[in-house]
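Encoded as structure tokens, the structure appears first; notes follow it.
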Amino acid sequence: MSEKKKFYQTDEFRMFMGKYGIGVILIFMIFVIAVMKPRFIYPSNILNVLTQISVNCLIAYGMCLAITTGGIDLSVGPQLALVSVLLGQFIVVRNMNIGLSIILALAATTLFGFINGVLIAKFNMAAFVVTLATQLVIRSIAQIISDGKGMSMASQAFKDIYSGTLIGVPLPIIYMVVISVIMYIVMHWTKFGRYVFAVGGNVNAAIASGVDVFWTKALCYTISGLLAGIAGVIFTSKTGSAQSNIGVAYETDAVAACVLGGTSFAGGISTAPGVLLGAVIIGCIYNGMNFLNIGSYYQYMTKGIIIIFAVLLDMVINKKNR
Amino acid sequence: MSEKKKFYQTDEFRMFMGKYGIGVILIFMIFVIAVMKPRFIYPSNILNVLTQISVNCLIAYGMCLAITTGGIDLSVGPQLALVSVLLGQFIVVRNMNIGLSIILALAATTLFGFINGVLIAKFNMAAFVVTLATQLVIRSIAQIISDGKGMSMASQAFKDIYSGTLIGVPLPIIYMVVISVIMYIVMHWTKFGRYVFAVGGNVNAAIASGVDVFWTKALCYTISGLLAGIAGVIFTSKTGSAQSNIGVAYETDAVAACVLGGTSFAGGISTAPGVLLGAVIIGCIYNGMNFLNIGSYYQYMTKGIIIIFAVLLDMVINKKNR
Amino acid sequence: MSNSEYILNCDGISKAFGGTQALKDVQLHVKPGEVHALLGENGAGKSTLMKCVIGLIKQDSGTMEFEGKPYQVNGPIDALNSGISMIHQELNPEPYLTVAESIFLKRENTRGILLDKKAQNKRCQEVLDKFDVSYNATTKMKELTLAQVQMVEIIKAVSCDSRLIIMDEPTSSLDSTETEQLFEVIRDLKSKGVAIIYISHRMEEIFEICDRVSVFRNGTYVDTKSMEGVTRDELISMMVGRDVKSVFPKVDCKIGETVFKVENLCGDAFHDISFEVHAGEILGIAGLVGSGRSETMRAIFGLDPITSGKMYLEGKEITNKNPRSAIKKGICMVNEDRKNYGLCLLRSIRENISLPNLPARQKGLILNQKREKQECQEAAEKLTVKAASIEHNGFSLSGGNQQKVVLAKWILANPKVLILDEPTRGVDVGAKSDIHTLMCEFAAKGMAIIMISSELPEVMGMSDRILVYHEGRISGTIQRKEILDNHITQKDILAMEFAQHNKD
Amino acid sequence: GSSGSSGGAASAPASEAPASEAPAQSEAAPASEAAAEGEAAADTAASGGDLNGDGKIIVGYISKNTTDVFHATLNGAAEERLDSLVADGTIDEWTGILDGNTDAAKQCDLAQDCINYPCDYVIILPAESTASDPAVTSMADAGIGVIVVNSATDSTDSAAMAFAGSDDVYAGELMGNYVMEHVEGGGTFVHCQGIIGNSAQIQRGEGIANTIEKDSGWTKAADVPCDWDASKAVNTVDDYLAQYGDDLKAVICDNDDMSSAAQAECNAKGREDIVCIGVDGNQGPLQMVKEGTLGATVLQDGAGQVNAGIDAIVASIKGETVEKKIIVPFVLVTPDNVDEYLK
Ligand SMILES: Nc1ncnc2c1ncn2[C@@H]1O[C@H](COP(=O)(O)OP(=O)(O)OP(=O)(O)O)[C@@H](O)[C@H]1O
Ligand SMILES: Nc1ncnc2c1ncn2[C@@H]1O[C@H](COP(=O)(O)OP(=O)(O)OP(=O)(O)O)[C@@H](O)[C@H]1O
Ligand SMILES: [Mg+2]
Ligand SMILES: [Mg+2]
């Protein structure tokens with residue numbers, strides 16, 4: 001409209017920021033914190049941050065699938081709790097093999113993910129409502145199984161799932177990298193991924209093209225259940241305790257990671273690397289705020305403002321032409 | 001598909017249930033509980049349930065406006081906290097007049113509601129993300145104001161806001177009735193109400209029909225802020241304590257009331273009486289569970305299952321033909 | 001009645017939506033290699049039958065046969081696998097996918113389990129190159145215009161190698177060149193033995209391209225005829241069940257003073273537009289799709305920004321920041337995009353009609369609901385909206401009836417200037433004539449009407465004056481007299497649209 | 001708000017050894033600590049506590065959360081004291097209050113942050129007795145002097161430099177006994193729970209189970225999950241008044257935000273005879289005790305716990321012997337002794 005465009009209005013800048021904006025924000029953030037506290041970028045702290053974000057990152061990938069189809073998965077927090085108490089039952093109470101226990105526990109969360117998917121896809125119910133309800137149900141089940149009590153998971157083998165390392169790299173980072181690669185391929189290089197975007201972009205068009213919307217959606221929530229389950233295994237190994245009260249409000253950070261990573265709530269837009277970057281940013285916010293001695297009351301606010309700011313920036317840069 | 005229609009497939013039944021289904025469910029629920037525990041329907045308990053739901057009902061009306069425009073307001077919980085700590089500051093610390101204090105505190109939540117509205121309507125940001133972020137910010141502010149500490153609100157005049165009665169009816173019920181009437185008129189008998197439905201139904205069509213989408217949306221969130229504020233005043237008077245950690249997850253029950261009351265998450269569909277009925281159902285669930293001695297672990301589950309069941313029933317009865 | 005002469009046999013198909021019986025025991029028989037027209041008024045059930053064939057909805061009763069075998073579908077994928085594809089009436093783009101991704105959705109090129117994006121783009125580009133299009137395989141769908149999206153849908157349906165292609169109003173947003181392009185494709189397909197079911201409300205097209213025609217009326221089957229020897233009037237009376245009088249009921253009314261005037265208006269897609277409309281005048285605007293007609297009107301109505309230029313209403317200069325201010329001043333517009341800018345389908349007909357008219361119908365802060373109900377009822381009746389009650393919601397209406405509801409909105413508003421962008425898009429012959437009559441009535445009351453239409457006969461038949469657009473500029477003005485005197489023919493206007501017309 | 005919790009492993013024996021052992025109980029510092037103190041003794045006071053040898057003494061403070069009223073007291077006390085230690089040069093820096101969000105995993109993350117900061121001493125208020133244990137052990141393994149405050153974790157005894165806290169089972173028992181003593185003839189009581197699964201909720205429940213639930217004169221109407229929410233406690237009171245009427249004699253709450261609101265509701269309904277009691281000793285409930293509108297509350301001296309923990313750090317820096325285990329007991333506050341605690 002105006003004759004002379006400011007630099008941030010040029011197409012080149014917009015294209016660049018649209019694609020890499022989130023990365024630029026991250027680098028800027030890291031730079032600022034590192035100048036104030038050089039220890040922030042010591043390798044040990046970088047490994048530390050990456051280890052810390054692994055749980056949120058896995059949850060966020062599942063959340064991203066749900067959001068991309070136009071829904072949301074609020075039940076991820078209780079899924080962590082479910083895995084945790086099941087592992088407690090299997091490993092501690094029944095003395096079962098660790099591998100088998102994990103598989104069974106993951107099967108349970110995957111099943112609940114699938115139930116979410118069926119309710120949402122088959123009966124066309126709002127994802128927010130369905131997962132709000134299953135959130136309550138799953139939490140209840142976890143409490144019933146554990147009788148509301150915590151249980152120590154002393155086995156070193158089990159604890160090593162979190163605290164082990166591979167060539168010096170903590171295992172949670174390895175899991176995160178492996179799953180990131182898989183998610184990248186699934187979302188961007190498979191038919192399923194394509195269908196996820198198609199369903200989220202315009203569900204009627206997807207139906208008319210013969211995409212099986214039911215299975216696409218159901219699978220997204222199933223995967224979200226599985227990933228939340230894996231996150232739960234890591235969590236349980238990390239705290240060495242099987243408990244039913246964990247994971248409260250974990251969906252918040254997962255959603256924040258997705259949003260910072262450019263996932264659109266309208267559906268149909270997201271990228272796997274974006275989600276990873278989003279999770280890293282959240283990790284840096286938490287870690288960085290602690291390094292910068294930001295008072296705890298201000299931490300929530302900082303997080304909230306960064307979320308708004310990031311989305312706002314995204315809006316301004318990728319401004320809809322109207 | 002099938003030749004002979006079952007009774008619940010007839011048009012008459014569907015029309016009836018579509019309009020009054022939620023009421024039928026409520027009456028059925030009351031009947032079942034009352035048969036098992038007659039005290040459940042003693043007038044004293046009925047007044048009790050109605051008093052209890054007042055906070056949730058007010059929040060739910062605001063939530064309903066937000067959902068009807070196609071959004072959501074996740075910031076209502078912290079809004080309660082904000083009102084609470086402000087009342088503490090004004091009344092206890094500064095010894096201000098109660099009425100003035102309440103007005104100022106409500107002005108604050110109304111302002112935050114308006115900010116939500118501006119961010120959502122002006123910048124076209126997803127309501128979920130915006131209110132998630134302001135949720136964090138408002139909670140932070142409440143904590144900063146109160147320094148995380150609780151404060152006793154001993155003044156009897158202030159306590160009477162909750163515990164007073166008018167011709168034998170507890171005041172919270174009076175507030176609820178008055179606000180229900182106002183909300184009914186606002187939603188169904190005014191221009192603004194029509195615009196809310198139009199914006200939620202099809203925002204472009206609303207624009208092309210001359211609706212001011214910005215103000216319509218902004219006003220919805222502003223009203224939601226105001227109502228959450230009023231709920232906060234009642235809450236604070238009820239507990240007699242000004243605290244920053246109250247109202248956590250209160251959006252859940254508000255959303256549940258809206259959903260049970262037939263509010264569509266796709267936007268554009270809701271009714272004020274539906275929300276009231278939804279809130280009554282939630283109240284009966286809580287109260288009824290205590291009457292039926294449902295164990296604490298099962299209470300969440302019961303609530304979750306009732307939500308899914310009610311929505312499912314609604315879907316089956318008002319089934320979209322495909 | 002299985003008959004190997006036919007590729008598709010539909011017999012005794014019935015379908016009800018809640019209370020409305022959309023199809024009652026209808027039949028359709030299509031031969032291989034023919035273009036079979038399906039005709040009927042709005043709401044006759046054409047799209048419904050086609051949706052049954054493609055598996056989007058399931059018929060309540062009736063059987064189908066495809067290529068001699070019983071045919072049952074559970075969803076579009078079954079239809080595609082059997083060799084049936086469809087171009088839908090409502091455009092359905094996948095906004096965030098590329099052209100290639102959307103054309104080959106569900107038919108992706110893969111290597112192992114991974115997508116082969118390169119091969120797919122190449123394959124898509126080859127298909128696109130066969131059509132003369134200005135976008136390529138990697139263009140995002142959201143960057144395309146309505147007409148371009150329509151072309152992608154056509155290309156998609158054609159590239160499925162189906163043996164039966166259903167085209168539900170494929171030309172409703174195409175201009176004459178693109179339509180011609182489509183006809184080329186259809187002829188080519190025909191020669192390969194592909195059968196086509198062709199649905200359109202544009203009679204000329206039916207006569208140009210179709211071999212046989214089946215007519216539906218009110219959800220029932222009327223007859224099937226060969227196009228040879230059938231006349232236009234015959235078809236219309238089969239469809240409507242009554243005689244539709246003159247095709248364009250234009251009455252000349254007294255043309256008064258200038259009501260609305262624009263000077264040197266410029267915007268993103270139009271430049272230097274100046275014109276004026278008078279009371280009682282119908283100003284037609286012709287042009288190719290994408291020539292900027294809609295953009296001009298959207299800008300005048302306040303939906304799009306204006307970069308420079310002036311507007312005058314009754315001699316006073318005005319600006320419209322948004323549609324609200326335009327409506328307040330008495331400028332109203334029926335948008336071409338009915339689904340997005342026309343109706344709230346979730347809400348009742350009454351609420352839709354009264355939406356722009358609420359401010360005047362309040363008692364204090366409260367709406368006067370009795371008056372609202374009565375006025376909406378009258379407006380709906382005047383436009384013969386076919387619905388059980390005005391409390392029913394928009395979803396239950398057929399496309400044509402939805403269009404009537406949109407028009408009814410603005411009748412109540414009683415504007416000074418009424419802008420109609422493709423007012424009869426997707427509207428059947430009977431309703432079209434109703435709408436035209438109504439336009440004349442409005443004009444007679446002294447309203448100034450601006451009408452955009454891509455149907456040349458409509459513009460020529462209804463307008464007192466015609467502006468012709470070419471690439472965002474006015475390339476010519478024609479008076480009604482010139483048309484009546486046969487000084488100007490359809491061909492001349494076309495030439496102007498292509499700017500081949502040299503005024504010497 | 002919720003409250004402190006006590007260690008799972010430590011709780012079983014401790015439940016029988018409550019307030020009588022107060023005010024303090026000390027054991028010898030473990031070997032690792034002795035080494036640190038050895039250095040401390042040799043060097044100046046300030047560098048004596050520099051366990052990681054980076055030239056600075058940095059103290060970390062990992063709170064359980066920053067939202068509960070009870071923890072606000074602890075956090076406030078810690079902030080004041082640690083600020084003054086920085087001001088007088090005893091320590092160089094402290095991290096500010098790190099918010100554990102009542103989430104053990106978050107506390108494990110914060111423990112790592114403290115290691116990287118790098119801290120020499122860290123005070124931690126565990127969110128969970130078992131689940132927060134890795135936070136304690138990982139810091140101890142990294143050579144940090146860990147002071148566990150408020151409630152113990154499983155390996156607090158072996159890994160931490162010191163523990164300063166109290167025992168929630170005992171708090172539950174105090175409440176049970178109080179109700180039994182103050183209501184003659186028994187009757188029906190209802191229990192308002194905190195968020196299910198928190199150690200504080202579990203252990204206070206155990207204490208109630210150990211006392212009043214065993215008494216034949218009393219029947220428990222129900223355990224009601226009130227999520228530490230005073231408003232839900234009020235609803236519960238109303239629900240059970242409606243159900244049991246005059247039979248309802250007492251309301252036992254997992255914290256006193258809930259019990260004070262519950263008592264206020266009973267009083268407003270003309271049932272001043274109902275005894276409501278909870279744990280924490282927040283200012284509001286104390287005020288009510290003073291006014292006589294609330295019979296009693298169980299006070300947990302949060303500030304005392306934190307200060308005892310910080311004392312341990314100061315002692316370590318100065319090279320003095322560190323008390324290994326400091327039990328700060330719960331106190332039953334009644335109108336008789338309320339003035340001691342009301343600010
Ligand atoms: N989903 C639906 N719910 C209820 N009624 C419907 C639905 N779809 C179609 N109808 C009704 O079925 C009838 C046939 O509609 P259909 O769309 O098949 O008409 P059509 O012949 O394609 O008309 P048009 O030319 O306007 O596209 C109409 O009366 C319409 O109101
Ligand atoms: N959403 C859009 N994004 C980008 N360009 C657009 C968009 N809409 C329209 N255009 C461009 O604006 C120009 C004018 O389009 P417009 O819709 O006004 O054409 P028109 O003459 O009204 O055609 P019709 O009404 O028959 O569709 C075209 O060149 C088109 O490419
Ligand atoms: Mg149709
Ligand atoms: Mg156009």
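Just so we're on the same page: first chain in the structure tokens is A, next is B, and so on; residues restart at 1 for each chain, and ligands are numbered from 1 in the order they show up.
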Nearby polymer residues, ligand 3, at most 12 Å, only C-alpha atoms and all ligand atoms, as JSON, numbers by chain: {"C": [22, 38, 39, 40, 41, 42, 43, 44, 45, 46, 47, 48, 49, 50, 51, 87, 88, 89, 90, 91, 166, 167, 168, 169, 170, 172, 198, 199, 200, 201, 216, 219, 397, 398, 399, 400, 401, 402, 425, 426, 427, 428]}
Ligand 2: which residues are within 6 Å, counting only C-alpha atoms and all ligand atoms, as a PDB file with N, CA and C atoms, in the first residue's frame?
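Generated output (out.pdb):
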ATOM      1  N   GLU C 143      -2.503 -19.222  -2.916  1.00  0.00           N
ATOM      2  CA  GLU C 143      -2.137 -18.075  -3.739  1.00  0.00           C
ATOM      3  C   GLU C 143      -2.959 -17.989  -5.013  1.00  0.00           C
ATOM      4  N   THR C 145      -6.383 -17.750  -7.472  1.00  0.00           N
ATOM      5  CA  THR C 145      -7.711 -17.127  -7.451  1.00  0.00           C
ATOM      6  C   THR C 145      -8.773 -18.208  -7.605  1.00  0.00           C
ATOM      7  N   ALA C 269      -5.891  -4.265  -7.594  1.00  0.00           N
ATOM      8  CA  ALA C 269      -6.131  -4.968  -8.853  1.00  0.00           C
ATOM      9  C   ALA C 269      -6.886  -4.120  -9.874  1.00  0.00           C
ATOM     10  N   GLY C 287     -16.618  -8.345 -18.045  1.00  0.00           N
ATOM     11  CA  GLY C 287     -15.168  -8.481 -18.064  1.00  0.00           C
ATOM     12  C   GLY C 287     -14.802  -9.928 -17.834  1.00  0.00           C
ATOM     13  N   LEU C 288     -13.528 -10.210 -18.076  1.00  0.00           N
ATOM     14  CA  LEU C 288     -13.076 -11.563 -17.840  1.00  0.00           C
ATOM     15  C   LEU C 288     -12.924 -11.782 -16.338  1.00  0.00           C
ATOM     16  N   VAL C 289     -12.915 -13.034 -15.935  1.00  0.00           N
ATOM     17  CA  VAL C 289     -12.612 -13.332 -14.540  1.00  0.00           C
ATOM     18  C   VAL C 289     -11.205 -12.848 -14.247  1.00  0.00           C
ATOM     19  N   GLY C 290     -11.060 -12.158 -13.141  1.00  0.00           N
ATOM     20  CA  GLY C 290      -9.746 -11.645 -12.793  1.00  0.00           C
ATOM     21  C   GLY C 290      -9.477 -10.275 -13.372  1.00  0.00           C
ATOM     22  N   SER C 291     -10.470  -9.688 -14.007  1.00  0.00           N
ATOM     23  CA  SER C 291     -10.231  -8.372 -14.594  1.00  0.00           C
ATOM     24  C   SER C 291     -10.356  -7.270 -13.550  1.00  0.00           C
ATOM     25  N   GLY C 292     -10.764  -7.623 -12.349  1.00  0.00           N
ATOM     26  CA  GLY C 292     -10.765  -6.632 -11.277  1.00  0.00           C
ATOM     27  C   GLY C 292     -12.119  -6.038 -10.966  1.00  0.00           C
ATOM     28  N   ARG C 293     -13.159  -6.633 -11.482  1.00  0.00           N
ATOM     29  CA  ARG C 293     -14.495  -6.071 -11.222  1.00  0.00           C
ATOM     30  C   ARG C 293     -14.871  -6.238  -9.757  1.00  0.00           C
ATOM     31  N   SER C 294     -14.724  -7.480  -9.289  1.00  0.00           N
ATOM     32  CA  SER C 294     -15.092  -7.724  -7.889  1.00  0.00           C
ATOM     33  C   SER C 294     -14.235  -6.893  -6.959  1.00  0.00           C
ATOM     34  N   GLU C 295     -12.957  -6.806  -7.273  1.00  0.00           N
ATOM     35  CA  GLU C 295     -12.040  -6.055  -6.418  1.00  0.00           C
ATOM     36  C   GLU C 295     -12.492  -4.602  -6.310  1.00  0.00           C
ATOM     37  N   SER C 454     -20.666 -12.521 -15.141  1.00  0.00           N
ATOM     38  CA  SER C 454     -19.790 -13.122 -16.141  1.00  0.00           C
ATOM     39  C   SER C 454     -20.592 -13.715 -17.276  1.00  0.00           C
TER      40      SER C 454
END
Picked from stretch 72-192 of chain A by DSSP as strand (DSSP E or B), as a list of chain:residue names: A:Met151, A:Ser152, A:Thr165, A:Leu166, A:Val169, A:Pro170
Save out the residues we just selected, all heavy atoms, as a PDB file, in the first residue's frame.
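Saved as selection.pdb:
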ATOM      1  N   MET A 151       5.536 -44.601  44.646  1.00  0.00           N
ATOM      2  CA  MET A 151       6.253 -45.861  44.794  1.00  0.00           C
ATOM      3  C   MET A 151       7.661 -45.635  44.264  1.00  0.00           C
ATOM      4  O   MET A 151       7.847 -45.072  43.193  1.00  0.00           O
ATOM      5  CB  MET A 151       5.533 -46.901  43.949  1.00  0.00           C
ATOM      6  CG  MET A 151       5.924 -48.316  44.224  1.00  0.00           C
ATOM      7  SD  MET A 151       4.975 -49.351  43.127  1.00  0.00           S
ATOM      8  CE  MET A 151       3.363 -49.289  43.874  1.00  0.00           C
ATOM      9  N   SER A 152       8.647 -46.072  45.034  1.00  0.00           N
ATOM     10  CA  SER A 152      10.020 -45.830  44.600  1.00  0.00           C
ATOM     11  C   SER A 152      10.435 -46.843  43.537  1.00  0.00           C
ATOM     12  O   SER A 152      10.181 -48.036  43.659  1.00  0.00           O
ATOM     13  CB  SER A 152      10.940 -45.933  45.816  1.00  0.00           C
ATOM     14  OG  SER A 152      12.265 -45.912  45.403  1.00  0.00           O
ATOM     15  N   THR A 165      24.327 -42.633  29.501  1.00  0.00           N
ATOM     16  CA  THR A 165      24.847 -41.800  28.408  1.00  0.00           C
ATOM     17  C   THR A 165      25.344 -42.706  27.287  1.00  0.00           C
ATOM     18  O   THR A 165      25.634 -43.885  27.491  1.00  0.00           O
ATOM     19  CB  THR A 165      26.031 -40.930  28.871  1.00  0.00           C
ATOM     20  OG1 THR A 165      27.050 -41.794  29.382  1.00  0.00           O
ATOM     21  CG2 THR A 165      25.612 -39.912  29.902  1.00  0.00           C
ATOM     22  N   LEU A 166      25.427 -42.126  26.116  1.00  0.00           N
ATOM     23  CA  LEU A 166      25.994 -42.839  24.974  1.00  0.00           C
ATOM     24  C   LEU A 166      27.060 -41.910  24.412  1.00  0.00           C
ATOM     25  O   LEU A 166      26.776 -40.754  24.125  1.00  0.00           O
ATOM     26  CB  LEU A 166      24.901 -43.099  23.930  1.00  0.00           C
ATOM     27  CG  LEU A 166      25.270 -44.042  22.785  1.00  0.00           C
ATOM     28  CD1 LEU A 166      25.344 -45.469  23.274  1.00  0.00           C
ATOM     29  CD2 LEU A 166      24.252 -43.908  21.659  1.00  0.00           C
ATOM     30  N   VAL A 169      26.877 -38.520  25.578  1.00  0.00           N
ATOM     31  CA  VAL A 169      25.633 -37.767  25.424  1.00  0.00           C
ATOM     32  C   VAL A 169      24.539 -38.433  26.265  1.00  0.00           C
ATOM     33  O   VAL A 169      24.326 -39.643  26.146  1.00  0.00           O
ATOM     34  CB  VAL A 169      25.195 -37.740  23.945  1.00  0.00           C
ATOM     35  CG1 VAL A 169      23.905 -36.937  23.803  1.00  0.00           C
ATOM     36  CG2 VAL A 169      26.298 -37.188  23.083  1.00  0.00           C
ATOM     37  N   PRO A 170      23.858 -37.663  27.099  1.00  0.00           N
ATOM     38  CA  PRO A 170      22.796 -38.261  27.907  1.00  0.00           C
ATOM     39  C   PRO A 170      21.756 -38.944  27.025  1.00  0.00           C
ATOM     40  O   PRO A 170      21.394 -38.420  25.953  1.00  0.00           O
ATOM     41  CB  PRO A 170      22.186 -37.057  28.632  1.00  0.00           C
ATOM     42  CG  PRO A 170      23.265 -36.036  28.653  1.00  0.00           C
ATOM     43  CD  PRO A 170      24.048 -36.236  27.388  1.00  0.00           C
TER      44      PRO A 170
END
Chain A contacts on chain D, only C-alpha atoms, 8 Å, as a list in words: Thr66, Thr95, Gly96, Ile97, Leu98, Asp99, Asp103, Ala104, Ala105, Cys108, Asp109, Gln112, Asp113, Asn116, Tyr117, Thr130, Ala131, Ser132, Asp133, Pro134, Ala135, Ile195, Ile196, Gly197, Asn198, Ser199 and Ile202 of chain D
Contact residues (chain A, partner chain C, 6 Å, only C-alpha atoms) as a PyMOL selection string: chain A and resi 189-190+201-202+205+208+210
Neighbouring residues of D:Phe330 were defined as those with any atom within 8 Å, considering only C-alpha atoms; residues of the same chain fewer than 3 positions away were excluded. Please report them as a compact mmCIF listing (two decimals) with all heavy atoms, in the first residue's frame.
# COMPACT_ATOMS: atom_id res chain seq x y z
N ALA D 19 6.87 -34.63 68.41
CA ALA D 19 7.27 -33.36 68.99
C ALA D 19 8.15 -33.47 70.23
O ALA D 19 8.90 -32.57 70.55
CB ALA D 19 6.04 -32.54 69.33
N SER D 166 9.77 -31.26 59.32
CA SER D 166 8.84 -31.83 60.28
C SER D 166 8.15 -33.04 59.64
O SER D 166 8.42 -33.38 58.50
CB SER D 166 7.84 -30.79 60.72
OG SER D 166 7.49 -29.96 59.63
N ASP D 167 7.25 -33.62 60.40
CA ASP D 167 6.67 -34.89 60.00
C ASP D 167 5.17 -34.78 59.85
O ASP D 167 4.45 -34.51 60.81
CB ASP D 167 7.06 -35.92 61.06
CG ASP D 167 6.30 -37.21 60.85
OD1 ASP D 167 5.92 -37.48 59.70
OD2 ASP D 167 6.08 -37.92 61.85
N TYR D 170 2.61 -36.89 61.86
CA TYR D 170 2.35 -36.36 63.19
C TYR D 170 1.29 -35.26 63.14
O TYR D 170 0.43 -35.16 64.02
CB TYR D 170 3.66 -35.85 63.79
CG TYR D 170 3.49 -35.20 65.14
CD1 TYR D 170 3.00 -35.92 66.23
CD2 TYR D 170 3.81 -33.85 65.32
CE1 TYR D 170 2.84 -35.32 67.46
CE2 TYR D 170 3.65 -33.24 66.56
CZ TYR D 170 3.15 -33.99 67.62
OH TYR D 170 2.99 -33.39 68.83
N ALA D 171 1.37 -34.45 62.10
CA ALA D 171 0.38 -33.38 61.96
C ALA D 171 -1.01 -33.97 61.87
O ALA D 171 -1.96 -33.49 62.50
CB ALA D 171 0.69 -32.54 60.72
N VAL D 298 -3.07 -26.36 63.28
CA VAL D 298 -1.78 -27.02 63.51
C VAL D 298 -0.72 -26.22 62.79
O VAL D 298 -0.73 -26.14 61.56
CB VAL D 298 -1.81 -28.47 63.01
CG1 VAL D 298 -0.44 -29.10 63.18
CG2 VAL D 298 -2.85 -29.26 63.76
N LEU D 299 0.16 -25.63 63.53
CA LEU D 299 1.14 -24.75 62.92
C LEU D 299 2.41 -25.50 62.59
O LEU D 299 2.93 -26.29 63.37
CB LEU D 299 1.47 -23.59 63.86
CG LEU D 299 2.53 -22.62 63.33
CD1 LEU D 299 2.00 -21.21 63.36
CD2 LEU D 299 3.82 -22.72 64.11
N GLN D 300 2.87 -25.23 61.41
CA GLN D 300 4.13 -25.78 60.99
C GLN D 300 5.04 -24.58 60.83
O GLN D 300 4.71 -23.66 60.09
CB GLN D 300 3.87 -26.55 59.70
CG GLN D 300 5.01 -26.61 58.75
CD GLN D 300 4.83 -27.74 57.74
OE1 GLN D 300 5.61 -28.66 57.75
NE2 GLN D 300 3.81 -27.67 56.92
N ASP D 301 6.15 -24.56 61.53
CA ASP D 301 6.97 -23.36 61.57
C ASP D 301 7.89 -23.32 60.36
O ASP D 301 9.06 -23.67 60.43
CB ASP D 301 7.76 -23.33 62.87
CG ASP D 301 8.55 -22.05 63.03
OD1 ASP D 301 8.41 -21.16 62.16
OD2 ASP D 301 9.29 -21.94 64.01
Contacts of B:Leu111 at 9 Å (only C-alpha atoms; same-chain gap of 3+ positions) as a ChimeraX atom specification: /B:106-108,114-116,222,225-226
Any chance you can output those residues with N, CA and C atoms as a tab-separated table (two decimals), in the first residue's frame?
chain	number	residue	atom	x	y	z
B	106	LEU	N	-12.88	-5.10	39.96
B	106	LEU	CA	-13.57	-5.55	38.75
B	106	LEU	C	-13.05	-4.80	37.53
B	107	ALA	N	-12.72	-3.53	37.73
B	107	ALA	CA	-12.18	-2.77	36.60
B	107	ALA	C	-10.90	-3.43	36.10
B	108	ALA	N	-10.09	-3.94	37.04
B	108	ALA	CA	-8.84	-4.56	36.64
B	108	ALA	C	-9.08	-5.82	35.80
B	114	PHE	N	-10.41	-7.18	28.36
B	114	PHE	CA	-10.35	-6.34	27.16
B	114	PHE	C	-9.02	-6.56	26.42
B	115	ILE	N	-7.93	-6.67	27.18
B	115	ILE	CA	-6.63	-6.91	26.55
B	115	ILE	C	-6.67	-8.25	25.79
B	116	ASN	N	-7.21	-9.27	26.44
B	116	ASN	CA	-7.40	-10.54	25.73
B	116	ASN	C	-8.13	-10.29	24.41
B	222	THR	N	-14.13	-8.98	27.19
B	222	THR	CA	-14.24	-8.01	28.27
B	222	THR	C	-15.31	-8.45	29.26
B	225	GLY	N	-14.09	-11.20	31.29
B	225	GLY	CA	-13.23	-10.70	32.36
B	225	GLY	C	-14.06	-10.16	33.53
B	226	LEU	N	-15.09	-9.40	33.19
B	226	LEU	CA	-15.94	-8.83	34.23
B	226	LEU	C	-16.63	-9.93	35.04
Those in stretch 127-317 of chain B with alpha helix (DSSP H) from DSSP, as a VMD selection string: chain B and resid 127 to 146 156 to 163 171 to 189 191 to 201 203 to 208 213 to 239 250 to 260 272 to 291 296 to 317
At most 9 Å to chain B: residues in chain A, only C-alpha atoms, as a PyMOL selection string: chain A and resi 119+123-126+128-130+132-144+147-148+252+255-256+259+264-266+296-308+311-312+315-316
Spatial neighbours of C:Tyr312, max dist 7 Å, only C-alpha atoms, sep filter under 4 positions, as a list in words: Phe260, Lys261, Val262, Lys316, Glu317 and Ile318 of chain C
